[in-house]
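**Q** Pasting in a structure now, in structure tokens, and then I'll have a few things to ask.
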Amino acid sequence: MSFSFFSGIAIADGGDQITAALSSLLALVALGDPRRWHWQRLPEGAASRHRAAALVGVTGLVLARVQMSFLYFQSCVAKLPHGEWADGTAMWYWGHSIAFGAPGPLQPLVDPVLASSWGVALLTWTPLAIEIGLAGCLLLAQRWRWHLLGAGVVFHLSIAAMMGLWSFALAMIGGLVVLCFPLGSHFDVALPGVLRGASRRSEALAELPPGPDHRVDPAPEDDRTPPRPASSPGSPGLSTPVG
């Protein structure tokens, strides 16, 4: 679906191309996944029973991580030959662009920074430092990857808020999760307290025995009166038949 959307859209976005590439690689992971949905944990011994599928899935994840690393490397290195990025003035031009400049509500915050030489230099060189750090993310310890993950998320959300490239930001944040999380890790999602309490109450009600309203009524008796058995002679209260 992502490839069809990228191929058929009138105005293509870089985020759409990245989504198509990543979803194609992540499809290799989903092919051998026995879970009904991705928030569930794998059952015990599932990987050993599906070794071929696990190998294909790990290959897809590794290729996606290498793809993201190369993407950030190319993004950083491609900017260096341009004089505006080398001297720290590139963001001044982007900030005053009609198409990609800061929107009206953000201009009071962005304009003072663009008016400062140090502010423009930091806005220009900080993305380069983040990109080259993410390019070498796979060579760093996991504790540094968490810091780079946070920096990358803030970086792409800032681009989305300033330039309006939300689809690009969401695609890159999804790629950052694949790049920075440990291979084979599980992303636990904790429900809010209200939802957890409602879930526990529903489970407790499901375990209760059926109440009076759920008892099966006995079968209705036949409306016809059953025949009375013949009384024996000498029964009290009954007359003896005449012989």
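Chain labels follow the order of the structure tokens: the first chain is A, the next B, and so on; residue numbering restarts at 1 in every chain, and ligands are counted from 1 in their shown order.
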Skip Gly14 (chain A) itself and residues of its chain fewer than 4 positions away, then list as JSON, numbers by chain all residues within 9 Å of it, counting only C-alpha atoms.

**A** {"A": [18, 19, 167, 168]}

**Q** Print the selection's residues with N, CA and C atoms to a file, as a JSON list (two decimals), in the first residue's frame.

**A**
```json
[["chain", "number", "residue", "atom", "x", "y", "z"],
["A", 18, "ILE", "N", 10.54, 7.02, 1.95],
["A", 18, "ILE", "CA", 11.14, 6.31, 3.09],
["A", 18, "ILE", "C", 10.15, 5.29, 3.65],
["A", 19, "THR", "N", 8.87, 5.64, 3.72],
["A", 19, "THR", "CA", 7.86, 4.71, 4.21],
["A", 19, "THR", "C", 7.76, 3.48, 3.31],
["A", 167, "SER", "N", 4.44, 14.15, 7.40],
["A", 167, "SER", "CA", 4.58, 12.76, 6.94],
["A", 167, "SER", "C", 6.05, 12.35, 6.92],
["A", 168, "PHE", "N", 6.93, 13.26, 6.55],
["A", 168, "PHE", "CA", 8.36, 12.98, 6.58],
["A", 168, "PHE", "C", 8.84, 12.73, 8.01]]
```

**Q** Which distance in Å separates CA of Ile173 (chain A) and CA of Thr126 (chain A), to one decimal?

**A**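 Pair CA of Ile173 (chain A) / CA of Thr126 (chain A) returns 17.6 Å.
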